[in-house]
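J.: Encoded as structure tokens, here's the structure I'll be asking about.
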Amino acid sequence: MLSISVILLSALLAGASPARRATCSPNILGSNISITNGPLEAGFSSNAPTVVSQPISQTIPEFTVATSNFNGEFQLHKVTNAGLTLTNTGGPSAMLPVGSTIFDPSTQSWALQCSSCVRSGNLVGAGCFVVSHNDGRCLNISLSTTTPVGSPVTVGNCQAIGGSINLYAA
Ligand SMILES: *[C@@H]1O[C@H](CO)[C@@H](O)[C@H](O)[C@H]1NC(C)=O
Ligand SMILES: *[C@@H]1O[C@H](CO)[C@@H](O)[C@H](O)[C@H]1NC(C)=O
């Protein structure tokens, strides 16, 4: 019985932190970046705080990488308004005031976990997970045909999403 419990526990632990296997965090504090997935990137809704997908523009950054309350993690501020930061609301991701009184600081802190952090032109991180400190879930810029350009960027199970985000510093 003991060995079965141990096996179950190991399986649980292995499944609980898939994103932690990624190998590097790019050294991009203070950089202005695009967070991309294939032909799309995370951008901003024109009439709501919601973060939505938009066609990629590697040379026009959306986010400034700033320090967070948690070691080795970052806040992702709006390039044009450092008072707003990427927030895991539990639903669609949104740009909300830094230090929001509604959401815990952990919802505004993100780990950048990439399979490569070798700078190559504008590319500064490849094969990345953008992991919320709050719930360990990952930013999900959907490429599904059922979620066209302009669809909300959400968070979801990291393993299901896969580490396919590339980070470009303009
Ligand atoms: C980032 O963008 C802001 C706003 O355009 C600009 O003021 C700042 O100099 C940029 N920082 C870097 C490191 O390029
Ligand atoms: C990613 O987002 C798309 C569109 O909202 C959704 O259909 C898909 O289930 C999400 N994936 C995960 C793993 O949450």
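Quick note on naming: the chains in the structure tokens go A, B, ... in the order shown, residues restart at 1 in each chain, and ligands are numbered from 1 in order of appearance.
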Chain A near ligand 2 within 8 Å: what's each residue's closest atom pair and its distance in Å to one decimal, counting only C-alpha atoms and all ligand atoms, ordered by chain then ascending residue number, as CSV?

T.:
```
residue,atom,partner,partner_atom_place_in_ligand_line,distance
A:Asn140,CA,ligand 2,1 (C),5.0
A:Ile141,CA,ligand 2,2 (O),6.4
A:Ser142,CA,ligand 2,2 (O),4.7
A:Leu143,CA,ligand 2,3 (C),7.7
A:Ser144,CA,ligand 2,3 (C),6.8
A:Thr146,CA,ligand 2,4 (C),7.5
A:Thr147,CA,ligand 2,4 (C),5.5
A:Ser151,CA,ligand 2,5 (O),7.2
A:Pro152,CA,ligand 2,5 (O),6.7
A:Val153,CA,ligand 2,2 (O),6.9
A:Thr154,CA,ligand 2,2 (O),6.0
A:Val155,CA,ligand 2,14 (O),6.1
A:Gly156,CA,ligand 2,14 (O),3.6
A:Asn157,CA,ligand 2,13 (C),4.7
A:Cys158,CA,ligand 2,13 (C),6.7
A:Gln159,CA,ligand 2,13 (C),7.5
A:Ala160,CA,ligand 2,13 (C),4.6
A:Ile161,CA,ligand 2,13 (C),4.7
```

J.: The selected residues should be written to file as a CSV table (one decimal), in the first residue's frame (atoms: N, CA and C atoms).

T.:
```
chain,number,residue,atom,x,y,z
A,140,ASN,N,-1.9,31.9,-22.4
A,140,ASN,CA,-2.4,31.1,-23.6
A,140,ASN,C,-2.8,32.0,-24.7
A,141,ILE,N,-1.9,32.2,-25.7
A,141,ILE,CA,-2.3,33.0,-26.9
A,141,ILE,C,-2.7,31.9,-27.9
A,142,SER,N,-4.0,31.8,-28.0
A,142,SER,CA,-4.6,30.6,-28.8
A,142,SER,C,-4.4,30.9,-30.3
A,143,LEU,N,-3.9,29.8,-31.0
A,143,LEU,CA,-3.8,29.8,-32.4
A,143,LEU,C,-5.0,29.1,-33.1
A,144,SER,N,-5.9,28.6,-32.3
A,144,SER,CA,-7.1,27.9,-32.8
A,144,SER,C,-7.9,28.7,-33.8
A,146,THR,N,-10.9,28.6,-34.1
A,146,THR,CA,-12.1,29.0,-33.5
A,146,THR,C,-12.0,30.2,-32.6
A,147,THR,N,-10.7,30.6,-32.4
A,147,THR,CA,-10.4,31.9,-31.6
A,147,THR,C,-9.6,32.8,-32.5
A,151,SER,N,-9.2,37.6,-30.1
A,151,SER,CA,-9.8,36.8,-29.0
A,151,SER,C,-9.0,37.1,-27.7
A,152,PRO,N,-9.6,37.0,-26.5
A,152,PRO,CA,-8.9,37.2,-25.3
A,152,PRO,C,-7.8,36.2,-25.1
A,153,VAL,N,-6.7,36.7,-24.5
A,153,VAL,CA,-5.5,35.9,-24.1
A,153,VAL,C,-5.9,35.4,-22.7
A,154,THR,N,-5.8,34.1,-22.4
A,154,THR,CA,-6.2,33.5,-21.2
A,154,THR,C,-5.0,32.9,-20.5
A,155,VAL,N,-5.3,32.2,-19.3
A,155,VAL,CA,-4.3,31.4,-18.8
A,155,VAL,C,-4.9,30.0,-18.7
A,156,GLY,N,-4.0,29.0,-18.8
A,156,GLY,CA,-4.5,27.6,-18.8
A,156,GLY,C,-3.4,26.6,-18.3
A,157,ASN,N,-3.7,25.4,-18.4
A,157,ASN,CA,-2.7,24.3,-18.0
A,157,ASN,C,-1.5,24.4,-18.9
A,158,CYS,N,-0.3,24.5,-18.2
A,158,CYS,CA,0.9,24.8,-19.0
A,158,CYS,C,1.2,23.6,-19.9
A,159,GLN,N,1.1,22.4,-19.5
A,159,GLN,CA,1.4,21.2,-20.3
A,159,GLN,C,0.5,21.2,-21.5
A,160,ALA,N,-0.8,21.5,-21.4
A,160,ALA,CA,-1.7,21.5,-22.5
A,160,ALA,C,-1.3,22.6,-23.5
A,161,ILE,N,-0.9,23.7,-23.0
A,161,ILE,CA,-0.6,24.8,-23.9
A,161,ILE,C,0.7,24.6,-24.6
```

J.: Mind listing the residues within 6 Å of ligand 1, only C-alpha atoms and all ligand atoms counted, as a list of chain:residue names?

T.: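 Counting only C-alpha atoms and all ligand atoms, the residues within 6 Å of ligand 1 come out as A:Gly30, A:Ser31, A:Asn32, A:Val79, A:Thr80.
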
J.: Pick the closest to A:Cys138 from A:Leu96, A:Ala111, A:Leu123, A:Val118: which is it, counting only C-alpha atoms?

T.: A:Ala111

J.: Residues near A:Gly38, anyone? I mean within 8 Å using only C-alpha atoms, not counting same-chain ones fewer than 2 positions away, as a VMD selection string.

T.: chain A and resid 36 40 to 41 143 164 to 165

J.: For the residues in that selection, give me N, CA, C and O atoms as an mmCIF file, in the first residue's frame.

T.:
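Saved the output as selection-v9.cif:
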```cif
data_model
loop_
_atom_site.group_PDB
_atom_site.id
_atom_site.type_symbol
_atom_site.label_atom_id
_atom_site.label_comp_id
_atom_site.auth_asym_id
_atom_site.auth_seq_id
_atom_site.Cartn_x
_atom_site.Cartn_y
_atom_site.Cartn_z
ATOM 1 N N THR A 36 4.913 36.525 -28.152
ATOM 2 C CA THR A 36 4.319 36.017 -29.386
ATOM 3 C C THR A 36 4.087 34.509 -29.341
ATOM 4 O O THR A 36 4.764 33.772 -28.616
ATOM 5 N N LEU A 40 0.840 35.262 -34.000
ATOM 6 C CA LEU A 40 0.099 36.180 -33.126
ATOM 7 C C LEU A 40 0.948 36.633 -31.948
ATOM 8 O O LEU A 40 1.959 36.021 -31.622
ATOM 9 N N GLU A 41 0.508 37.700 -31.316
ATOM 10 C CA GLU A 41 1.158 38.185 -30.093
ATOM 11 C C GLU A 41 0.078 38.715 -29.161
ATOM 12 O O GLU A 41 -1.052 38.962 -29.576
ATOM 13 N N LEU A 143 -3.943 29.804 -30.981
ATOM 14 C CA LEU A 143 -3.829 29.842 -32.449
ATOM 15 C C LEU A 143 -4.996 29.099 -33.089
ATOM 16 O O LEU A 143 -5.034 28.932 -34.308
ATOM 17 N N SER A 164 5.428 27.391 -26.309
ATOM 18 C CA SER A 164 5.606 27.814 -27.706
ATOM 19 C C SER A 164 5.709 29.323 -27.843
ATOM 20 O O SER A 164 5.680 29.853 -28.949
ATOM 21 N N ILE A 165 5.833 30.023 -26.716
ATOM 22 C CA ILE A 165 5.895 31.490 -26.785
ATOM 23 C C ILE A 165 7.328 31.944 -27.058
ATOM 24 O O ILE A 165 8.275 31.454 -26.449
#
```

J.: Give me, as a short mmCIF file (atom, residue, chain, number, x, y, z; two decimals) with C-alpha atoms, in the first residue's frame, all polymer residues having an atom no more than 6 Å from stretch 42-59 of chain A, counting only C-alpha atoms and skipping those fewer than 4 positions away in the same chain.

T.:
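Dumped everything to part-v2.cif:
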```cif
data_model
loop_
_atom_site.label_atom_id
_atom_site.label_comp_id
_atom_site.auth_asym_id
_atom_site.auth_seq_id
_atom_site.Cartn_x
_atom_site.Cartn_y
_atom_site.Cartn_z
CA ILE A 35 5.05 38.13 -26.33
CA SER A 93 -5.92 38.33 -18.81
CA ALA A 94 -6.13 42.08 -18.33
CA MET A 95 -3.98 45.18 -17.98
CA VAL A 149 -7.36 37.46 -33.96
CA GLY A 150 -8.76 39.72 -31.24
CA SER A 151 -9.76 36.85 -28.95
CA PRO A 152 -8.91 37.19 -25.27
CA VAL A 153 -5.55 35.87 -24.08
CA TYR A 168 11.18 39.57 -28.91
CA ALA A 170 12.46 45.67 -29.81
#
```

J.: Please provide the set of residues having any atom within 7 Å of A:Gln113, restricted to only C-alpha atoms, with same-chain residues fewer than 6 positions apart removed, written as number ranges by chain.

T.: A: 22-25, 128-130

J.: Can you measure atom CA of A:Leu167 to atom CA of A:Thr101 for me? One decimal in Å is fine.

T.: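 Rounded to one decimal, the two atoms are 29.2 Å apart.
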
J.: What residues in stretch 80-126 of chain A get the DSSP label strand (DSSP E or B)? Please answer as a list in words.

T.: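 After running DSSP on the backbone, stretch 80-126 of chain A has strand (DSSP E or B) at Asn81, Ala82, Gly83, Leu84, Thr85, Leu86, Thr87, Ala94, Met95, Leu96, Pro97, Trp110, Ala111, Leu112, Gln113, Cys114, Ser115, Ser116, Ser120, Leu123, Val124, Gly125 and Ala126 of chain A.
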
J.: Within 9 Å of A:Gly83, counting only C-alpha atoms, which residues show up once you throw out same-chain ones fewer than 4 positions away? Write them as a list in words, please.

T.: His77, Lys78, Leu96, Pro97 and Val98 of chain A

J.: Convert the current residue selection to file output with N, CA, C and O atoms, as a JSON list (two decimals), in the first residue's frame.

T.:
```
[["chain", "number", "residue", "atom", "x", "y", "z"],
["A", 77, "HIS", "N", 4.55, 45.40, -17.68],
["A", 77, "HIS", "CA", 3.81, 46.66, -17.77],
["A", 77, "HIS", "C", 3.46, 46.99, -19.21],
["A", 77, "HIS", "O", 4.13, 46.54, -20.15],
["A", 78, "LYS", "N", 2.46, 47.82, -19.37],
["A", 78, "LYS", "CA", 2.12, 48.32, -20.70],
["A", 78, "LYS", "C", 3.20, 49.33, -21.11],
["A", 78, "LYS", "O", 3.52, 50.24, -20.33],
["A", 96, "LEU", "N", -4.22, 45.81, -15.63],
["A", 96, "LEU", "CA", -4.85, 46.48, -14.50],
["A", 96, "LEU", "C", -3.80, 47.26, -13.71],
["A", 96, "LEU", "O", -2.60, 47.04, -13.87],
["A", 97, "PRO", "N", -4.25, 48.19, -12.87],
["A", 97, "PRO", "CA", -3.30, 49.02, -12.14],
["A", 97, "PRO", "C", -2.30, 48.20, -11.32],
["A", 97, "PRO", "O", -2.68, 47.23, -10.66],
["A", 98, "VAL", "N", -1.02, 48.59, -11.41],
["A", 98, "VAL", "CA", 0.02, 47.98, -10.59],
["A", 98, "VAL", "C", -0.39, 48.14, -9.12],
["A", 98, "VAL", "O", -0.78, 49.23, -8.70]]
```

J.: Got a sec: who's within 10 Å of A:Pro105, counting only C-alpha atoms, leaving out chain neighbours fewer than 6 positions off, as a PyMOL selection string?

T.: chain A and resi 68-70+75+87-88+98-99+133-134

J.: As a list in words, please: all residues of stretch 51-144 of chain A that backbone DSSP puts in helix (DSSP H, G or I).

T.: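 Restricting stretch 51-144 of chain A to helix (DSSP H, G or I) produces Pro105, Ser106, Thr107 and Gln108 of chain A.
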
J.: Would you mind exporting the chosen residues as a short mmCIF file (atom, residue, chain, number, x, y, z; two decimals), in the first residue's frame, restricted to all heavy atoms?

T.:
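The result, stored in again-v7.cif:
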```cif
data_model
loop_
_atom_site.label_atom_id
_atom_site.label_comp_id
_atom_site.auth_asym_id
_atom_site.auth_seq_id
_atom_site.Cartn_x
_atom_site.Cartn_y
_atom_site.Cartn_z
N PRO A 105 -0.90 40.53 -5.26
CA PRO A 105 0.34 40.77 -6.03
C PRO A 105 0.78 39.55 -6.84
O PRO A 105 1.40 39.70 -7.90
CB PRO A 105 1.38 41.10 -4.94
CG PRO A 105 0.59 41.61 -3.79
CD PRO A 105 -0.74 40.91 -3.85
N SER A 106 0.47 38.36 -6.36
CA SER A 106 0.89 37.15 -7.08
C SER A 106 0.21 37.04 -8.44
O SER A 106 0.71 36.37 -9.33
CB SER A 106 0.60 35.90 -6.25
OG SER A 106 -0.80 35.70 -6.14
N THR A 107 -0.92 37.73 -8.62
CA THR A 107 -1.61 37.68 -9.91
C THR A 107 -0.93 38.59 -10.93
O THR A 107 -1.24 38.54 -12.12
CB THR A 107 -3.08 38.13 -9.80
OG1 THR A 107 -3.12 39.51 -9.38
CG2 THR A 107 -3.86 37.28 -8.81
N GLN A 108 0.01 39.43 -10.44
CA GLN A 108 0.69 40.36 -11.35
C GLN A 108 2.15 39.98 -11.53
O GLN A 108 2.94 40.75 -12.05
CB GLN A 108 0.56 41.79 -10.80
CG GLN A 108 -0.90 42.23 -10.69
CD GLN A 108 -1.08 43.70 -10.39
OE1 GLN A 108 -0.28 44.32 -9.69
NE2 GLN A 108 -2.15 44.29 -10.93
#
```

J.: What's the separation between atom CA of A:Phe103 and atom CA of A:Thr89, in Å to one decimal place?

T.: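 If I compute the distance from atom CA of A:Phe103 to atom CA of A:Thr89, I get 7.3 Å.
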
J.: Using only C-alpha atoms, which residue out of A:Leu139, A:Cys114, A:Ala169, A:Ala82 lies closest to A:Ile60?

T.: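 When distances to A:Ile60 are compared using only C-alpha atoms, the smallest one comes from A:Ala169.
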
J.: Would you mind telling me which residue in A:Ser100, A:Ser109, A:Asn71, A:Ser34 lies nearest to A:Ser132 when using only C-alpha atoms?

T.: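 So, comparing all the options, the nearest one is A:Ser109.
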